[in-house]
>>> print(open('target_26.tsv').read())   # TSV, C-alpha atoms
chain	number	residue	atom	x	y	z
A	730	MET	CA	-91.36	104.28	33.67
A	731	ASP	CA	-89.00	101.49	32.55
A	732	ALA	CA	-86.35	103.25	30.45
A	733	ALA	CA	-85.00	99.87	29.28
A	734	LEU	CA	-88.40	99.11	27.72
A	735	LEU	CA	-88.53	102.51	26.01
A	736	GLN	CA	-85.06	101.93	24.59
A	737	LYS	CA	-86.62	99.40	22.20
A	738	SER	CA	-88.74	102.14	20.62
A	739	PRO	CA	-87.48	103.74	17.37
A	740	LEU	CA	-87.96	107.14	19.05
A	741	PHE	CA	-85.19	106.35	21.54
A	742	ASP	CA	-82.92	104.42	19.17
A	743	GLY	CA	-79.26	105.00	20.06
A	744	ILE	CA	-80.09	106.68	23.38
A	745	THR	CA	-79.01	105.14	26.70
A	746	THR	CA	-81.39	104.38	29.56
A	747	GLU	CA	-79.82	107.15	31.65
A	748	GLU	CA	-80.32	109.64	28.83
A	749	ILE	CA	-83.93	108.47	28.34
A	750	GLU	CA	-84.68	109.16	32.01
A	751	ARG	CA	-83.33	112.70	31.59
A	752	LEU	CA	-85.38	113.18	28.41
A	753	LEU	CA	-88.60	111.99	30.09
A	754	HIS	CA	-88.14	114.62	32.76
A	755	CYS	CA	-87.38	117.28	30.12
A	756	LEU	CA	-90.35	116.31	27.94
A	757	GLY	CA	-92.88	116.03	30.77
A	758	GLY	CA	-93.43	112.32	30.17
A	759	ARG	CA	-96.57	110.86	31.75
A	760	ILE	CA	-98.27	107.48	31.45
A	761	LYS	CA	-102.01	107.03	30.96
A	762	ARG	CA	-103.99	103.77	30.74
A	763	TYR	CA	-106.96	103.06	28.47
A	764	ALA	CA	-109.41	100.18	28.17
A	765	LYS	CA	-110.19	98.60	24.80
A	766	GLY	CA	-112.47	100.87	22.77
A	767	ASP	CA	-111.62	104.07	24.65
A	768	PHE	CA	-111.06	107.23	22.65
A	769	ILE	CA	-107.59	108.61	23.32
A	770	PHE	CA	-108.24	111.66	21.12
A	771	HIS	CA	-111.46	112.60	19.33
A	772	ALA	CA	-111.55	114.20	15.88
A	773	GLY	CA	-111.38	117.98	16.26
A	774	THR	CA	-108.83	117.89	19.09
A	775	VAL	CA	-105.77	120.13	18.74
A	776	LEU	CA	-102.73	118.14	19.84
A	777	ARG	CA	-99.86	119.46	21.89
A	778	GLN	CA	-98.35	116.07	22.69
A	779	ILE	CA	-97.29	112.91	20.92
A	780	GLY	CA	-98.18	109.45	22.19
A	781	LEU	CA	-95.95	106.39	22.41
A	782	VAL	CA	-97.61	103.00	22.86
A	783	VAL	CA	-96.04	101.32	25.90
A	784	SER	CA	-98.33	98.27	25.74
A	785	GLY	CA	-101.43	97.19	23.82
A	786	LYS	CA	-102.56	98.55	20.46
A	787	VAL	CA	-103.83	101.90	19.19
A	788	GLN	CA	-105.57	102.72	15.91
A	789	VAL	CA	-106.07	105.89	13.90
A	790	VAL	CA	-109.63	105.79	12.52
A	791	LYS	CA	-112.16	107.95	10.72
A	792	GLU	CA	-115.90	107.43	11.08
A	793	ASP	CA	-118.54	108.91	8.77
A	794	TYR	CA	-122.07	110.10	9.58
A	795	TRP	CA	-123.47	106.56	9.21
A	796	GLY	CA	-120.92	104.98	11.55
A	797	ASN	CA	-118.74	103.39	8.88
A	798	ARG	CA	-115.15	103.15	10.07
A	799	LEU	CA	-111.96	103.45	8.04
A	800	ILE	CA	-108.71	102.43	9.72
A	801	PHE	CA	-105.74	104.53	8.65
A	802	SER	CA	-103.07	102.83	10.71
A	803	SER	CA	-102.39	100.62	13.70
A	804	MET	CA	-99.64	101.17	16.29
A	805	GLU	CA	-98.29	98.65	18.76
A	806	GLN	CA	-95.63	98.69	21.49
A	807	GLY	CA	-92.90	101.25	20.89
A	808	GLN	CA	-94.68	103.07	18.05
A	809	LEU	CA	-95.75	106.73	17.95
A	810	PHE	CA	-99.02	108.42	17.06
A	811	GLY	CA	-100.19	112.02	16.70
A	812	GLU	CA	-96.79	113.40	15.73
A	813	SER	CA	-97.90	114.92	12.40
A	814	TYR	CA	-100.76	116.89	13.97
A	815	ALA	CA	-98.69	117.86	17.01
A	816	CYS	CA	-96.22	119.48	14.62
A	817	LEU	CA	-99.10	121.67	13.37
A	818	PRO	CA	-100.43	123.22	16.61
A	819	ARG	CA	-103.39	124.98	14.94
A	820	GLU	CA	-104.52	121.99	12.87
A	821	PRO	CA	-107.31	119.97	14.56
A	822	LEU	CA	-107.41	116.20	14.18
A	823	GLU	CA	-109.43	114.99	11.20
A	824	VAL	CA	-109.32	111.47	12.60
A	825	SER	CA	-109.86	109.84	15.98
A	826	ILE	CA	-107.32	107.80	17.92
A	827	VAL	CA	-108.73	104.82	19.82
A	828	SER	CA	-107.39	101.93	21.88
A	829	ALA	CA	-107.81	98.66	19.99
A	830	ALA	CA	-106.86	96.76	23.15
A	831	ASP	CA	-106.18	97.61	26.77
A	832	CYS	CA	-103.12	99.82	26.54
A	833	GLU	CA	-100.67	102.16	28.23
A	834	VAL	CA	-99.58	105.34	26.47
A	835	LEU	CA	-96.65	107.61	27.26
A	836	PHE	CA	-97.36	111.24	26.37
A	837	LEU	CA	-94.49	113.61	25.57
A	838	ASP	CA	-94.46	117.38	25.03
A	839	LEU	CA	-93.58	117.80	21.34
A	840	GLU	CA	-92.57	121.45	21.66
A	841	HIS	CA	-89.82	120.49	24.08
A	842	ALA	CA	-88.92	117.43	22.01
A	843	ILE	CA	-88.09	119.47	18.89
A	844	SER	CA	-86.48	122.37	20.74
A	845	VAL	CA	-82.79	121.95	21.49
A	846	CYS	CA	-82.04	122.63	25.16
A	847	SER	CA	-79.49	125.24	26.22
A	848	CYS	CA	-76.72	122.65	26.63
A	849	ALA	CA	-77.46	121.15	23.20
A	850	CYS	CA	-77.31	117.54	24.48
A	851	GLY	CA	-76.20	115.07	21.85
A	852	PHE	CA	-78.92	112.60	22.83
A	853	HIS	CA	-81.57	115.32	22.39
A	854	MET	CA	-80.34	115.87	18.84
A	855	ARG	CA	-80.54	112.10	18.32
A	856	LEU	CA	-84.16	112.17	19.50
A	857	ILE	CA	-84.99	114.86	16.92
A	858	ARG	CA	-83.35	112.81	14.13
A	859	ASN	CA	-85.27	109.72	15.24
A	860	LEU	CA	-88.53	111.69	15.20
A	861	MET	CA	-87.84	112.92	11.66
A	862	THR	CA	-87.17	109.34	10.54
A	863	ILE	CA	-90.46	108.18	12.08
A	864	LEU	CA	-92.36	110.99	10.33
A	865	ALA	CA	-90.81	110.01	7.00
A	866	LYS	CA	-91.74	106.34	7.48
A	867	HIS	CA	-95.33	107.25	8.39
A	868	ASN	CA	-95.59	109.30	5.20
A	869	LEU	CA	-94.35	106.30	3.21
A	870	ASN	CA	-96.93	104.07	4.90
A	871	LEU	CA	-99.72	106.48	3.95
A	872	THR	CA	-98.47	106.44	0.35
A	873	ARG	CA	-98.57	102.64	0.37
A	874	LYS	CA	-102.10	102.70	1.81
A	875	VAL	CA	-103.23	104.94	-1.08
A	876	GLN	CA	-101.68	102.43	-3.48
A	877	HIS	CA	-103.54	99.54	-1.81
A	878	MET	CA	-106.89	101.34	-1.86
A	879	GLY	CA	-106.32	102.56	-5.41
A	880	GLN	CA	-106.63	99.00	-6.74
A	881	LYS	CA	-109.90	98.35	-8.56
A	882	THR	CA	-111.05	95.06	-7.04
A	883	THR	CA	-111.10	93.56	-3.55
A	884	ARG	CA	-108.70	90.83	-4.71
A	885	GLU	CA	-106.24	93.39	-6.06
A	886	LYS	CA	-106.42	95.40	-2.83
A	887	LEU	CA	-105.77	92.28	-0.75
A	888	LEU	CA	-102.85	91.15	-2.88
A	889	ALA	CA	-101.31	94.63	-2.92
A	890	TYR	CA	-101.54	94.89	0.87
A	891	LEU	CA	-100.32	91.36	1.61
A	892	TRP	CA	-97.45	91.72	-0.86
A	893	SER	CA	-96.32	94.95	0.82
A	894	ILE	CA	-96.25	93.20	4.21
A	895	SER	CA	-94.35	90.29	2.68
A	896	GLN	CA	-91.77	92.72	1.27
A	897	LYS	CA	-91.45	94.51	4.61
A	898	GLU	CA	-90.94	91.24	6.51
A	899	GLN	CA	-88.79	89.80	3.70
A	900	SER	CA	-90.74	86.58	3.92
A	901	GLN	CA	-93.65	84.89	2.16
A	902	GLU	CA	-95.03	84.00	5.61
A	903	PHE	CA	-96.04	86.72	8.07
A	904	ASP	CA	-98.62	88.11	10.51
A	905	ILE	CA	-100.74	91.19	9.85
A	906	PRO	CA	-101.83	93.60	12.65
A	907	TYR	CA	-105.56	93.34	11.83
A	908	ASN	CA	-108.44	90.94	12.39
A	909	ARG	CA	-110.94	90.42	9.54
A	910	GLN	CA	-113.14	93.42	10.36
A	911	GLU	CA	-110.14	95.67	10.86
A	912	LEU	CA	-108.59	94.53	7.58
A	913	ALA	CA	-111.86	95.28	5.77
A	914	ASP	CA	-111.96	98.72	7.41
A	915	TYR	CA	-108.34	99.38	6.45
A	916	LEU	CA	-108.95	98.48	2.79
A	917	ALA	CA	-112.41	100.13	2.74
A	918	VAL	CA	-114.17	96.98	1.50
A	919	ASP	CA	-117.15	94.93	2.70
A	920	ARG	CA	-116.09	92.31	5.24
A	921	SER	CA	-118.27	89.52	3.85
A	922	ALA	CA	-117.11	90.15	0.29
A	923	MET	CA	-113.49	90.27	1.45
A	924	SER	CA	-113.80	87.01	3.40
A	925	ALA	CA	-115.36	85.32	0.38
A	926	GLU	CA	-112.52	86.58	-1.81
A	927	LEU	CA	-109.91	85.29	0.64
A	928	SER	CA	-111.56	81.86	0.57
A	929	ARG	CA	-111.52	81.84	-3.25
A	930	MET	CA	-107.86	82.87	-3.29
A	931	LYS	CA	-107.06	80.06	-0.85
A	932	THR	CA	-108.93	77.51	-2.99
A	933	GLU	CA	-107.02	78.72	-6.07
A	934	GLY	CA	-103.72	78.21	-4.25
A	935	LEU	CA	-102.75	81.89	-4.16
A	936	LEU	CA	-102.33	82.00	-0.39
A	937	GLU	CA	-102.83	80.21	2.90
A	938	PHE	CA	-104.01	81.77	6.13
A	939	HIS	CA	-105.16	81.16	9.69
A	940	LYS	CA	-106.60	84.15	11.51
A	941	ASN	CA	-104.04	86.94	10.98
A	942	HIS	CA	-101.21	84.65	9.83
A	943	PHE	CA	-100.69	84.50	6.05
A	944	ARG	CA	-98.44	82.74	3.59
A	945	LEU	CA	-98.23	83.84	-0.03
A	946	THR	CA	-97.57	81.11	-2.59
A	947	GLU	CA	-95.46	81.28	-5.72
A	948	TYR	CA	-98.67	81.66	-7.76
A	949	SER	CA	-99.70	84.88	-6.03
A	950	MET	CA	-96.19	86.30	-6.23
A	951	GLU	CA	-96.21	85.89	-10.01
A	952	ASP	CA	-98.69	88.80	-10.13
A	953	PHE	CA	-96.05	91.26	-8.81
>>> encode(input="target_26.tsv", output="structure tokens")
Amino acid sequence: MDAALLQKSPLFDGITTEEIERLLHCLGGRIKRYAKGDFIFHAGTVLRQIGLVVSGKVQVVKEDYWGNRLIFSSMEQGQLFGESYACLPREPLEVSIVSAADCEVLFLDLEHAISVCSCACGFHMRLIRNLMTILAKHNLNLTRKVQHMGQKTTREKLLAYLWSISQKEQSQEFDIPYNRQELADYLAVDRSAMSAELSRMKTEGLLEFHKNHFRLTEYSMEDF
């Protein structure tokens, strides 16, 4: 495993490549590959490990009895998944985790990650702090998702979501991590209705877009 690549992940922020190699041995790190559409974990699984996306893209999804899919979040290179459930060893997954593209995942033993070793290595303590920061950010993202979905209309949901990405990127022009179907699943709206609304918003001069690249105009930003 390329420690230099892992060093770019928030989980290993501030930790040297040599220290990462020692941590991987301590945490039982192992790489597994998945094809697009593979289930990494099914709902009902009890997690003992956390996953770090080495390449590709992974999504946290929930499907109902009729096959409707709701996307909770999307993780790309360097990002973690499963950490909240792995911290609760008796709590089964209420969602599924699937590969949205061919991907490689590094699995780490969470119990060893949050337990300080006998020599109390400084870099192990840094790993724990990084993990806590990641958990806090994921909780904030879930709060923002509730705010997006809490809007009454499809237009309001779209604007709330796109504005939040604009604020995060500190730019009126940005890319989103979803295609049209995935965006509809994330916002829990009908894809056709959402696409029609995006076209109307473009005609009205509220935004411009091409595939997953968007630019908010001054008109749309007046609503926030």
>>> atom_distance(input="target_26.tsv", atom1="atom CA of Glu833 of chain A", atom2="atom CA of Ala865 of chain A")
24.7 Å
>>> atom_distance(input="target_26.tsv", atom1="atom CA of Ser803 of chain A", atom2="atom CA of Leu945 of chain A")
22.1 Å
>>> atom_distance(input="target_26.tsv", atom1="atom CA of Val789 of chain A", atom2="atom CA of Gln736 of chain A")
23.9 Å
>>> residues_around(input="target_26.tsv", residues="Met878 of chain A", least_positions_apart="2", cutoff="10 Å", atoms="only C-alpha atoms", output="MDAnalysis selection string")
chainID A and resid 873:876 880:883 885:887 889:890 915:918
>>> closest_atom_pairs(input="target_26.tsv", of="segment 862-888 of chain A", to="segment 805-808 of chain A", cutoff="12 Å", atoms="all atoms listed in the file", output="Markdown table")
| residue | atom | partner | partner_atom | distance |
| --- | --- | --- | --- | --- |
| A:Ile863 | CA | A:Gln808 | CA | 8.9 |
| A:Leu864 | CA | A:Gln808 | CA | 11.3 |
| A:Lys866 | CA | A:Gln808 | CA | 11.4 |
| A:His867 | CA | A:Gln808 | CA | 10.5 |
>>> write_last_selection(input="target_26.tsv", atoms="C-alpha atoms", output="CSV table (one decimal), in the frame of the given file")
chain,number,residue,atom,x,y,z
A,863,ILE,CA,-90.5,108.2,12.1
A,864,LEU,CA,-92.4,111.0,10.3
A,866,LYS,CA,-91.7,106.3,7.5
A,867,HIS,CA,-95.3,107.2,8.4
>>> closest_residue(input="target_26.tsv", among="A:Ile769, A:Met804, A:Ala913, A:Met930", to="Leu888 of chain A", atoms="all atoms listed in the file")
A:Met930
>>> closest_residue(input="target_26.tsv", among="A:Asp731, A:Phe836, A:Lys791, A:Leu912", to="Glu747 of chain A", atoms="all atoms listed in the file")
A:Asp731
>>> closest_residue(input="target_26.tsv", among="A:Leu869, A:Phe903, A:Phe938, A:Asn908", to="Arg920 of chain A", atoms="only C-alpha atoms")
A:Asn908
>>> closest_residue(input="target_26.tsv", among="A:Glu812, A:Arg777, A:Leu817, A:Ile800", to="Ile857 of chain A", atoms="all atoms listed in the file")
A:Glu812
>>> closest_residue(input="target_26.tsv", among="A:Ala829, A:Val790, A:Leu835, A:Leu776", to="Gly811 of chain A", atoms="all atoms listed in the file")
A:Leu776
>>> residues_around(input="target_26.tsv", residues="Ile744 of chain A", least_positions_apart="3", cutoff="10 Å", atoms="only C-alpha atoms", output="ChimeraX atom specification")
/A:735-737,739-741,747-749,752,851-853,855-856
>>> residues_near_point(input="target_26.tsv", point="(-89.4, 87.1, 2.0)", cutoff="12 Å", atoms="only C-alpha atoms", output="ChimeraX atom specification")
/A:891-903,944-947,950
>>> closest_residue(input="target_26.tsv", among="A:Ile826, A:Leu935, A:Met861, A:Ile779", to="His841 of chain A", atoms="all atoms listed in the file")
A:Ile779
>>> residues_around(input="target_26.tsv", residues="Ser825 of chain A", least_positions_apart="6", cutoff="12 Å", atoms="only C-alpha atoms", output="ChimeraX atom specification")
/A:766-776,787-793,798-802,810-811,814
>>> axis_aligned_box(input="target_26.tsv", around="segment 801-817 of chain A", padding_each_side="8 Å", output="lines of an AutoDock Vina configuration file")
center_x = -99.3
center_y = 110.2
center_z = 15.1
size_x = 28.8
size_y = 39.0
size_z = 28.8
